[in-house]
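Below is run.txt, which holds compact mmCIF, C-alpha atoms and all ligand atoms.
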# COMPACT_ATOMS: atom_id res chain seq x y z
CA MET A 8 104.34 10.78 41.15
CA LYS A 9 105.05 11.03 37.47
CA ASN A 10 104.34 7.32 37.07
CA ASP A 11 101.04 7.65 38.92
CA ASN A 12 99.98 10.40 36.56
CA LYS A 13 100.98 8.25 33.65
CA LYS A 14 98.85 5.38 34.94
CA ILE A 15 95.83 7.64 35.41
CA ASN A 16 96.26 9.08 31.93
CA LYS A 17 96.57 5.66 30.44
CA LYS A 18 93.39 4.50 32.20
CA LYS A 19 91.56 7.62 31.05
CA ASN A 20 92.70 7.10 27.49
CA ILE A 21 91.59 3.50 27.47
CA GLU A 22 88.18 4.47 28.84
CA TYR A 23 87.94 7.18 26.21
CA TRP A 24 88.70 4.79 23.36
CA GLU A 25 86.38 2.16 24.72
CA ASN A 26 83.58 4.70 24.93
CA ARG A 27 84.28 5.82 21.39
CA LEU A 28 84.08 2.24 20.23
CA LYS A 29 80.83 1.66 22.14
CA GLY A 30 79.43 4.94 20.86
CA LEU A 31 80.06 3.75 17.32
CA GLY A 32 78.06 0.63 18.07
CA TYR A 33 80.89 -1.84 18.58
CA LYS A 34 81.24 -4.28 21.42
CA ILE A 35 84.30 -4.24 23.59
CA THR A 36 85.59 -7.74 23.06
CA GLU A 37 88.58 -9.01 24.98
CA PRO A 38 90.97 -8.77 22.00
CA ARG A 39 89.79 -5.24 21.31
CA ARG A 40 90.29 -4.26 24.92
CA ALA A 41 93.71 -5.91 25.00
CA ILE A 42 94.83 -4.13 21.84
CA ILE A 43 93.53 -0.75 22.96
CA SER A 44 95.29 -1.10 26.28
CA ILE A 45 98.59 -1.79 24.52
CA PHE A 46 98.34 1.55 22.79
CA GLY A 47 97.39 3.23 26.07
CA ASN A 48 98.85 6.66 25.93
CA GLU A 49 102.34 5.88 24.81
CA SER A 50 103.45 7.40 21.57
CA LYS A 51 104.99 4.36 20.09
CA LEU A 52 104.77 2.53 16.80
CA TYR A 53 103.76 -1.10 16.96
CA LYS A 54 104.02 -3.76 14.30
CA ALA A 55 101.09 -6.18 14.01
CA ASP A 56 103.26 -9.13 15.05
CA GLU A 57 104.50 -7.26 18.11
CA ILE A 58 100.91 -6.64 19.17
CA TYR A 59 100.14 -10.29 18.53
CA LEU A 60 102.95 -11.44 20.83
CA ILE A 61 101.85 -9.09 23.63
CA VAL A 62 98.15 -10.05 23.41
CA LYS A 63 99.02 -13.75 23.14
CA LYS A 64 100.55 -13.68 26.62
CA ASP A 65 97.10 -13.10 28.12
CA TYR A 66 95.02 -14.76 25.39
CA PRO A 67 97.05 -17.75 24.21
CA ASP A 68 94.26 -18.90 21.86
CA ILE A 69 94.16 -15.68 19.88
CA GLY A 70 95.12 -15.93 16.22
CA ILE A 71 97.09 -13.41 14.19
CA SER A 72 94.07 -12.97 11.89
CA THR A 73 92.01 -11.66 14.83
CA ILE A 74 94.78 -9.19 15.51
CA TYR A 75 94.82 -8.01 11.91
CA ARG A 76 91.03 -7.78 11.80
CA THR A 77 90.94 -5.78 15.03
CA LEU A 78 93.72 -3.46 13.85
CA GLU A 79 91.86 -2.92 10.60
CA LEU A 80 88.66 -2.10 12.45
CA LEU A 81 90.39 0.30 14.82
CA THR A 82 92.13 1.92 11.85
CA ARG A 83 88.87 2.26 9.95
CA LEU A 84 87.29 3.90 12.99
CA LYS A 85 90.31 6.19 13.26
CA LEU A 86 91.12 5.08 16.77
CA ILE A 87 94.55 4.07 15.57
CA CYS A 88 96.26 4.66 12.28
CA LYS A 89 98.52 2.77 10.02
CA PHE A 90 101.81 4.39 9.43
CA ASN A 91 104.00 3.28 6.57
CA LEU A 92 107.72 3.71 6.78
CA GLY A 93 109.41 2.76 3.59
CA SER A 94 107.72 0.24 1.36
CA GLU A 95 107.64 -2.80 3.57
CA ARG A 96 107.23 -1.58 7.07
CA SER A 97 103.79 -0.74 8.37
CA TYR A 98 103.19 0.26 11.92
CA TYR A 99 100.23 1.22 14.01
CA LEU A 100 100.04 4.30 16.10
CA LEU A 101 97.44 5.80 18.39
CA SER A 102 95.41 8.13 16.22
CA LYS A 103 95.71 11.27 18.32
CA ASP A 104 99.31 11.19 17.18
CA CYS A 105 98.74 10.71 13.49
CA TYR A 106 95.58 12.43 12.34
CA LYS A 107 97.31 15.70 12.02
CA ASP A 108 97.66 17.42 8.71
CA THR A 109 100.96 18.85 9.62
CA ALA A 110 103.43 17.04 11.77
CA ILE A 111 107.05 16.34 12.33
CA TYR A 112 107.79 12.87 13.62
CA MET A 113 110.96 11.52 15.08
CA ILE A 114 110.94 7.77 15.18
CA CYS A 115 113.34 5.37 16.86
CA ASP A 116 114.23 2.60 14.41
CA ASN A 117 115.05 0.27 17.25
CA CYS A 118 112.24 0.52 19.81
CA GLY A 119 109.56 2.33 17.80
CA ARG A 120 109.24 5.28 20.13
CA VAL A 121 107.69 8.29 18.44
CA ILE A 122 108.34 11.87 19.33
CA ILE A 123 105.93 14.28 17.71
CA ASP A 124 106.38 17.98 17.25
CA ASN A 125 108.80 18.10 20.10
CA ASP A 126 110.15 21.30 21.59
CA CYS A 127 113.61 20.22 20.59
CA LEU A 128 112.68 21.13 17.05
CA ASN A 129 112.65 24.72 18.08
CA ASN A 130 110.53 27.23 16.28
CA ALA A 131 113.41 28.71 14.39
CA VAL A 132 114.21 25.39 12.78
CA LYS A 133 110.55 24.72 12.06
CA ILE A 134 109.90 28.10 10.55
CA ARG A 135 113.05 28.02 8.45
CA LEU A 136 112.38 24.53 7.25
CA ILE A 137 108.72 24.99 6.49
CA ASP A 138 108.69 28.53 5.15
CA ASN A 139 111.67 27.91 2.92
CA ALA A 140 110.35 24.63 1.69
CA GLU A 141 106.93 26.12 0.97
CA LYS A 142 108.41 29.00 -1.00
CA HIS A 143 110.67 26.77 -3.03
CA ILE A 144 108.02 24.17 -3.66
CA PHE A 145 105.60 26.82 -4.84
CA LYS A 146 108.18 28.54 -7.00
CA ASN A 147 109.84 25.48 -8.49
CA CYS A 148 107.24 22.76 -8.39
CA MET A 149 104.01 24.74 -8.65
CA LEU A 150 102.44 23.27 -5.56
CA LYS A 151 100.91 25.37 -2.86
CA VAL A 152 101.68 23.38 0.26
CA SER A 153 98.84 23.02 2.73
CA LYS A 154 99.91 19.95 4.68
CA PHE A 155 103.09 18.06 5.26
CA GLN A 156 104.53 15.29 7.32
CA ILE A 157 108.20 15.02 7.96
CA ILE A 158 109.80 11.93 9.43
CA PHE A 159 113.20 11.79 10.98
CA SER A 160 114.31 8.35 12.07
CA GLY A 161 117.28 7.12 14.03
CA LEU A 162 118.00 5.89 17.53
CA CYS A 163 116.43 7.38 20.65
CA ASP A 164 118.49 8.22 23.72
CA LYS A 165 117.83 4.84 25.40
CA CYS A 166 118.66 2.82 22.31
CA VAL A 167 121.84 4.77 21.62
CA VAL A 168 123.05 3.86 25.12
CA GLY A 169 122.03 0.23 24.55
CA LYS A 170 123.98 0.08 21.28
CA LEU A 171 127.05 1.62 22.89
CA GLU A 172 126.94 -0.96 25.69
CA ASN A 173 126.29 -3.92 23.39
CA PRO A 174 127.83 -3.17 20.02
CA GLU A 175 126.90 -5.75 17.37
ZN ZN A 201 114.63 3.58 20.92
What would you get if you wrote out this structure as structure tokens?
Amino acid sequence: MKNDNKKINKKKNIEYWENRLKGLGYKITEPRRAIISIFGNESKLYKADEIYLIVKKDYPDIGISTIYRTLELLTRLKLICKFNLGSERSYYLLSKDCYKDTAIYMICDNCGRVIIDNDCLNNAVKIRLIDNAEKHIFKNCMLKVSKFQIIFSGLCDKCVVGKLENPE
């Protein structure tokens, strides 16, 4: 049941993005469709080369430059966004998850799963963290905070189990 709902949501999301793209005057080419369907509705970070490998399975002739061009276009249109983690790692994420002024992200370093503003960061933690930080930043650094993004990274539940079963 849950899986069926997931499938329907994914289909709806893909239709939504395709309509957005069409509405902005762009054609739905096969690479565009393939890339959009990868993002589907899963909150997950993808690297360009990961997307390339997935799309290549169905479109063996596709080149990495087409992938980069399509990702750039989708980023420019704000259908997806580029997310930089550290200086050398850029990832792409579905834009509903990243065009927020204020967000707390938890990212799995291993599989790229993204958890955003999850209930597990309960309100008490959020309020303490944000209110305190805002006060201190204003007092000590003379900045009135209006937006913030906080990233926690580590291993998600699945990857922790995987690492325990197959230690390096
Ligand atoms: Zn993981």
Open item on the list: List as a list in words the protein and nucleic acid residues lying within 9 Å of ligand ZN 201 (chain A), with all atoms listed in the file counted.
Closed with: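 Within the 9 Å cut-off, the matching residues are Ile114, Cys115, Asp116, Asn117, Cys118, Gly119, Arg120, Val121, Gly161, Leu162, Cys163, Asp164, Lys165, Cys166, Val167 and Gly169 of chain A.
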query: Which residues, written as a PyMOL selection string, have at least one atom at most 12 Å from Glu22 (chain A), with only C-alpha atoms counted and residues fewer than 4 positions away on the same chain left out?
result: chain A and resi 15-18+26-30+35+40+43-44+47-48
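Proximity ranking of A:Lys34, A:Arg39, A:Lys154, A:Lys19 relative to Leu78 (chain A) places A:Arg39 first, based on all atoms listed in the file.
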field: Exercise: region 86-91 of chain A partners within 12 Å, all atoms listed in the file, chain neighbours under 2 positions left out, as a ChimeraX atom specification
entry: /A:20-21,23-28,31,39,42-48,50-55,75,77-84,93-107,112,114,119,121,156,158
Pairwise distance, CA of Ala41 (chain A) with CA of Val62 (chain A), equals 6.3 Å
To one decimal place, how far is CA of Cys148 (chain A) from CA of Ile134 (chain A) in Å?
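A separation of 19.9 Å between them.
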What separates CA of Leu60 (chain A) and CA of Ser72 (chain A) is a distance of 12.7 Å
One residue among A:Ile157, A:Ile137, A:Ile74, A:Ile61 is nearest to Ile123 (chain A) when using all atoms listed in the file, and that residue is A:Ile157
One residue among A:Ile122, A:Gly32, A:Glu141, A:Asn173 is nearest to Glu49 (chain A) when using only C-alpha atoms, and that residue is A:Ile122
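Shortest atom-to-atom contact with Thr73 (chain A) among A:Leu92, A:Ser153, A:Tyr33, A:Pro38: A:Pro38, counting all atoms listed in the file.
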